[in-house]
Amino acid sequence: MPQRPALDDLLHAAVSGVGGAERPGQVEMAKAVAHAIDDGEHLLVQAGTGTGKSLAYLVPAVAHAFEAGKPAVVATATLALQAQIVDRDMPRVADALAPVLGRRPTYALVKGRRNYVCLNKLEGGFPDDEDGLLSVGQVDAAVGRLGQEVVRLREWASTTDSGDRDELVPGVSERAWRQVSVSAHECMGGKCPLVAECFVERAREAAKDVDVIVTNHSFMAIDSFEGRQMLPEHDVLVVDEAHELVDRVTATITDELTGTMVMTAAKKAGRMSDHTAAMDEAGEMLAQALEPLEEGRMLGIPDSVGLALARVRDTARTVQSDLKPPPGQEADGARQVARAAVDEIHENAERILEERELDVVWLSRDQRRGPVLRVAPMSVAMLVRDKVFGERTVVLTSATLELGGTFDAVAGTIGLRGEGAPKWQGLDVGSPFDYPKQAIAYVAAHLAPPGRDGAGDDTLDEIEQLVRAAGGRTLGLFSSMRAAQTAAEIMRARFGDEIPVLCQGEDQITTLVRQFARDPRTCLFGTLTLWQGVDVPGSSCQLVIIDRIPFPRPDDPLASARSQAIARMGGNGFMAVSATHAALRLAQGAGRLVRRADDRGVVAFLDSRMMTARYAGFLQRSLPPFYPTTDQKMVLAALARLDAMAPPPVAVEEPALRSLTGARADADGTEHPRPVAVPPPAPVSSRSAVTSGHAWTDEQDEELRDAAEAGMQLDELVDHFELPEETIAARVEQLGLAIASGALFD
């Protein structure tokens, strides 16, 4: 077992290698992480933006992996942070530490099976999903967008090295992706005829011998809870974006059931069982029992629903027996898909009927699927304590772990408080930023507290004034999708073409964020999910608007159940659940503003309760220490000055091809970050570097010039650049080049 160099030497090499300077908070955090690993003690670290926390945990993680001969696992909540670690942080750390360690540290990105193309499904080894899109796409790609997406997926699958959905840009709809992927339960595993070529198996095999594995909270939770051993053996786990862990774990173990799900499972079983008609009838019975019920938590299962669930459970059990393959035969793709669907129906119906003490059951309504019965645990604290903290050292870090000035709230939700809790330490290493000088926290105290009917005219007028003063450059974070869409629609009508407004749901979030980051005049409006992973440093984001305190909805079944349980034990349910939830979301939202030492701007809270409510102090203590004010005139003037003085936006990093380990793979096969400097869009002129939304690099322009000299045709360039003909033709014309085409220059 090799002896690792001193942590100070490794950290110094890493910081020097990335061209940075050591920061006190980063050094303090790195030493605390190393100490926790050595002592086998859990650690909670709050590290403000700009600390360089990824370097502070990656360096000791690599050092431990090098010494122990087993990987360290890093789990994140968002795809954006996964990409940052794999595309930017780990390559630079690996290059910097290679001379000190004697070899280059290795790393891999590991995801769930649904994130990869299934080659067996592409080859017809599984039945088409109920939409039948694959056959539609094969027969006639022009029948609609979905059919075209599937044909595009098949073409992409023949060229990709990773099979990773995130490599596909622009993306495709979920319905189309289902035609080329399978869930873990549907997968045939080692019995698959294409297992040797499987993207998932090859990626996991490649990850076995690396030093650092990057994954997400949900995958880590499934691996911990279900014992599937999808991750290699490891004794160090780093949970970044740890404030999201409870919600991600809860979502992972939340089950649901609808009448349509039951009937679809029966359809998948088809002629492989003589009892599918009975199961189909049970699905209809469940749908009828749920239809008249109101949304909300069920404190008991109504008799009609209980009878329907029992019928679903029993018929599913019978069909399960029928789906076992005949003696001496293996299950084929169709039988495996049917078994997975019927197993899920049986398990979920049985769980709901058990009415476990800590389970919460509720009914919600979906526009497409109708009434949906859901079940989730009231608390995951003991589950996380036993399964996540059991046999390894866990380091949890985030910019927002201390709420109201203490770690207690977060620690309690993950099982680190109370009798039998494992040992842990909490550490706040602060932030290198000068928050009071860099940012203003503005509360629009003159506005009436928000009501249930959405934003009033005064609030919309306030948004307009703030955005106009900022010259765009606005990230709007709203408490509901309806509020975000309404505000976007109204602002578009008021701004016209002067200030573009993007809204969540109009494209993939990553695509929208890149578009927002490129154009400083643009605004991006969205909901709570946007508060995670949006990292837009520089002048493109100088105003963050938060429309209201993001309390859980009063009818949120899990939040209300948790609050009532705490109240029964003599605690303050509102402060422990609702106020804590709001404080966390506010801190995360406000944290979107200052991402670098030279960032400046305003976070505007359009909820006067931030100043007047009895819990206002708790919320304020959870925010970064920005300069506070309620002076609207001062804020508008400050935004106007920032707009006038704003530098060009920061370069945007574009999507990339990936290798089996998830690292970026350039055309020459090397794996390293590849930033692309993108100038801000401008009106198209004879010298614009942007055509049809594509930003041309100097290298691509040089290729166009070489192509003109070589006498290449336009259709050849379309194949070479993989861009639309009109995009290339526009740039050719701007550069004054002569490239032959049957249509362009006739």
# chains A, B, ... in the order shown; residues from 1 in each chain; ligands from 1
>>> residues_around(residues="Arg452 (chain A)", least_positions_apart="2", cutoff="12 Å", atoms="only C-alpha atoms", output="mmCIF file with all heavy atoms, in the first residue's frame")
data_model
loop_
_atom_site.group_PDB
_atom_site.id
_atom_site.type_symbol
_atom_site.label_atom_id
_atom_site.label_comp_id
_atom_site.auth_asym_id
_atom_site.auth_seq_id
_atom_site.Cartn_x
_atom_site.Cartn_y
_atom_site.Cartn_z
ATOM 1 N N PRO A 449 -48.368 41.647 1.561
ATOM 2 C CA PRO A 449 -47.965 40.233 1.581
ATOM 3 C C PRO A 449 -48.655 39.470 0.461
ATOM 4 O O PRO A 449 -49.830 39.725 0.157
ATOM 5 C CB PRO A 449 -48.435 39.748 2.962
ATOM 6 C CG PRO A 449 -48.502 40.987 3.794
ATOM 7 C CD PRO A 449 -48.922 42.087 2.859
ATOM 8 N N PRO A 450 -47.964 38.551 -0.191
ATOM 9 C CA PRO A 450 -48.566 37.835 -1.319
ATOM 10 C C PRO A 450 -49.751 36.993 -0.884
ATOM 11 O O PRO A 450 -49.754 36.415 0.208
ATOM 12 C CB PRO A 450 -47.419 36.955 -1.835
ATOM 13 C CG PRO A 450 -46.474 36.845 -0.681
ATOM 14 C CD PRO A 450 -46.592 38.115 0.081
ATOM 15 N N GLY A 454 -51.970 34.749 -6.743
ATOM 16 C CA GLY A 454 -50.851 35.075 -7.608
ATOM 17 C C GLY A 454 -50.422 36.514 -7.448
ATOM 18 O O GLY A 454 -50.942 37.271 -6.625
ATOM 19 N N ALA A 455 -49.446 36.912 -8.257
ATOM 20 C CA ALA A 455 -48.874 38.248 -8.157
ATOM 21 C C ALA A 455 -49.888 39.309 -8.563
ATOM 22 O O ALA A 455 -50.534 39.211 -9.607
ATOM 23 C CB ALA A 455 -47.630 38.341 -9.039
ATOM 24 N N GLY A 456 -50.016 40.360 -7.725
ATOM 25 C CA GLY A 456 -50.899 41.469 -8.042
ATOM 26 C C GLY A 456 -50.210 42.454 -8.978
ATOM 27 O O GLY A 456 -49.027 42.325 -9.317
ATOM 28 N N SER A 479 -42.360 30.734 -6.796
ATOM 29 C CA SER A 479 -42.773 29.649 -5.912
ATOM 30 C C SER A 479 -43.637 28.604 -6.611
ATOM 31 O O SER A 479 -43.929 27.567 -6.025
ATOM 32 C CB SER A 479 -43.531 30.214 -4.707
ATOM 33 O OG SER A 479 -44.594 31.043 -5.145
ATOM 34 N N SER A 480 -44.075 28.858 -7.835
ATOM 35 C CA SER A 480 -44.852 27.873 -8.588
ATOM 36 C C SER A 480 -44.609 28.075 -10.076
ATOM 37 O O SER A 480 -44.231 29.167 -10.522
ATOM 38 C CB SER A 480 -46.353 28.003 -8.289
ATOM 39 O OG SER A 480 -46.868 29.196 -8.869
ATOM 40 N N ARG A 482 -46.907 28.099 -12.315
ATOM 41 C CA ARG A 482 -47.914 29.028 -12.821
ATOM 42 C C ARG A 482 -47.479 30.474 -12.618
ATOM 43 O O ARG A 482 -47.643 31.315 -13.510
ATOM 44 C CB ARG A 482 -49.260 28.788 -12.117
ATOM 45 C CG ARG A 482 -50.391 29.646 -12.693
ATOM 46 C CD ARG A 482 -51.710 29.325 -12.039
ATOM 47 N NE ARG A 482 -51.754 29.755 -10.645
ATOM 48 C CZ ARG A 482 -52.846 29.700 -9.884
ATOM 49 N NH1 ARG A 482 -53.965 29.207 -10.380
ATOM 50 N NH2 ARG A 482 -52.812 30.108 -8.638
ATOM 51 N N ALA A 483 -46.884 30.765 -11.450
ATOM 52 C CA ALA A 483 -46.414 32.128 -11.186
ATOM 53 C C ALA A 483 -45.293 32.512 -12.145
ATOM 54 O O ALA A 483 -45.253 33.635 -12.661
ATOM 55 C CB ALA A 483 -45.937 32.245 -9.746
ATOM 56 N N ARG A 548 -41.750 35.156 -3.404
ATOM 57 C CA ARG A 548 -42.370 35.002 -2.087
ATOM 58 C C ARG A 548 -41.573 34.006 -1.262
ATOM 59 O O ARG A 548 -40.799 33.220 -1.791
ATOM 60 C CB ARG A 548 -43.828 34.541 -2.215
ATOM 61 C CG ARG A 548 -43.999 33.186 -2.867
ATOM 62 C CD ARG A 548 -45.445 32.914 -3.252
ATOM 63 N NE ARG A 548 -46.319 32.974 -2.095
ATOM 64 C CZ ARG A 548 -47.632 33.173 -2.162
ATOM 65 N NH1 ARG A 548 -48.218 33.366 -3.330
ATOM 66 N NH2 ARG A 548 -48.365 33.199 -1.078
ATOM 67 N N ARG A 553 -46.409 24.078 0.553
ATOM 68 C CA ARG A 553 -47.852 24.339 0.425
ATOM 69 C C ARG A 553 -48.582 23.849 1.674
ATOM 70 O O ARG A 553 -48.216 22.810 2.244
ATOM 71 C CB ARG A 553 -48.403 23.616 -0.802
ATOM 72 C CG ARG A 553 -48.004 24.238 -2.116
ATOM 73 C CD ARG A 553 -48.464 23.393 -3.288
ATOM 74 N NE ARG A 553 -49.839 22.909 -3.135
ATOM 75 C CZ ARG A 553 -50.465 22.152 -4.040
ATOM 76 N NH1 ARG A 553 -49.822 21.768 -5.123
ATOM 77 N NH2 ARG A 553 -51.697 21.756 -3.857
ATOM 78 N N PRO A 554 -49.595 24.570 2.116
ATOM 79 C CA PRO A 554 -50.320 24.139 3.326
ATOM 80 C C PRO A 554 -50.885 22.731 3.207
ATOM 81 O O PRO A 554 -51.026 22.030 4.213
ATOM 82 C CB PRO A 554 -51.451 25.176 3.449
ATOM 83 C CG PRO A 554 -50.956 26.375 2.699
ATOM 84 C CD PRO A 554 -50.112 25.848 1.586
#
>>> select_by_dssp(residues="region 542-679 of chain A", states="helix (DSSP H, G or I)", output="number ranges by chain")
A: 557-568, 573-590, 609-612, 616-621, 632-645
>>> closest_atom_pairs(of="region 451-554 of chain A", to="region 629-643 of chain A", cutoff="8 Å", atoms="only C-alpha atoms", output="CSV")
residue,atom,partner,partner_atom,distance
A:Gln465,CA,A:Leu636,CA,7.6
A:Leu466,CA,A:Leu636,CA,6.3
A:Ala469,CA,A:Ala640,CA,4.8
A:Ala470,CA,A:Leu639,CA,4.8
A:Gly471,CA,A:Asp643,CA,6.0
A:Gln542,CA,A:Leu639,CA,7.7
A:Leu543,CA,A:Leu639,CA,7.8
>>> residues_around(residues="Val18 (chain A)", least_positions_apart="5", cutoff="12 Å", atoms="only C-alpha atoms", output="PyMOL selection string")
chain A and resi 11-13+52+55+88-97
>>> residues_around(residues="Gly591 (chain A)", least_positions_apart="4", cutoff="10 Å", atoms="only C-alpha atoms", output="number ranges by chain")
A: 48-49, 399-400, 531-532, 534-535, 544, 585-587, 595, 603, 623-624
>>> residues_around(residues="region 423-427 of chain A", least_positions_apart="6", cutoff="7 Å", atoms="only C-alpha atoms", output="list in words")
Glu41, His42, Leu43, Leu44, Val45, Gln46 and Phe407 of chain A
>>> write_last_selection(atoms="N, CA, C and O atoms", output="CSV table (one decimal), in the first residue's frame")
chain,number,residue,atom,x,y,z
A,41,GLU,N,-14.8,9.6,11.4
A,41,GLU,CA,-15.9,10.4,12.0
A,41,GLU,C,-16.6,11.3,10.9
A,41,GLU,O,-16.0,11.8,10.0
A,42,HIS,N,-17.9,11.4,11.0
A,42,HIS,CA,-18.7,12.1,10.0
A,42,HIS,C,-18.5,13.6,10.1
A,42,HIS,O,-18.2,14.1,11.2
A,43,LEU,N,-18.6,14.3,9.0
A,43,LEU,CA,-18.4,15.8,9.0
A,43,LEU,C,-19.4,16.5,8.2
A,43,LEU,O,-19.8,16.1,7.1
A,44,LEU,N,-19.9,17.6,8.8
A,44,LEU,CA,-20.8,18.5,8.1
A,44,LEU,C,-20.0,19.8,7.9
A,44,LEU,O,-19.6,20.4,8.8
A,45,VAL,N,-19.9,20.2,6.6
A,45,VAL,CA,-19.1,21.5,6.3
A,45,VAL,C,-19.9,22.4,5.5
A,45,VAL,O,-20.4,22.1,4.4
A,46,GLN,N,-20.1,23.6,6.1
A,46,GLN,CA,-20.8,24.7,5.3
A,46,GLN,C,-19.6,25.5,4.7
A,46,GLN,O,-18.8,26.0,5.4
A,407,PHE,N,-26.3,23.9,12.9
A,407,PHE,CA,-26.5,22.7,12.0
A,407,PHE,C,-27.6,21.8,12.5
A,407,PHE,O,-27.9,20.8,11.8
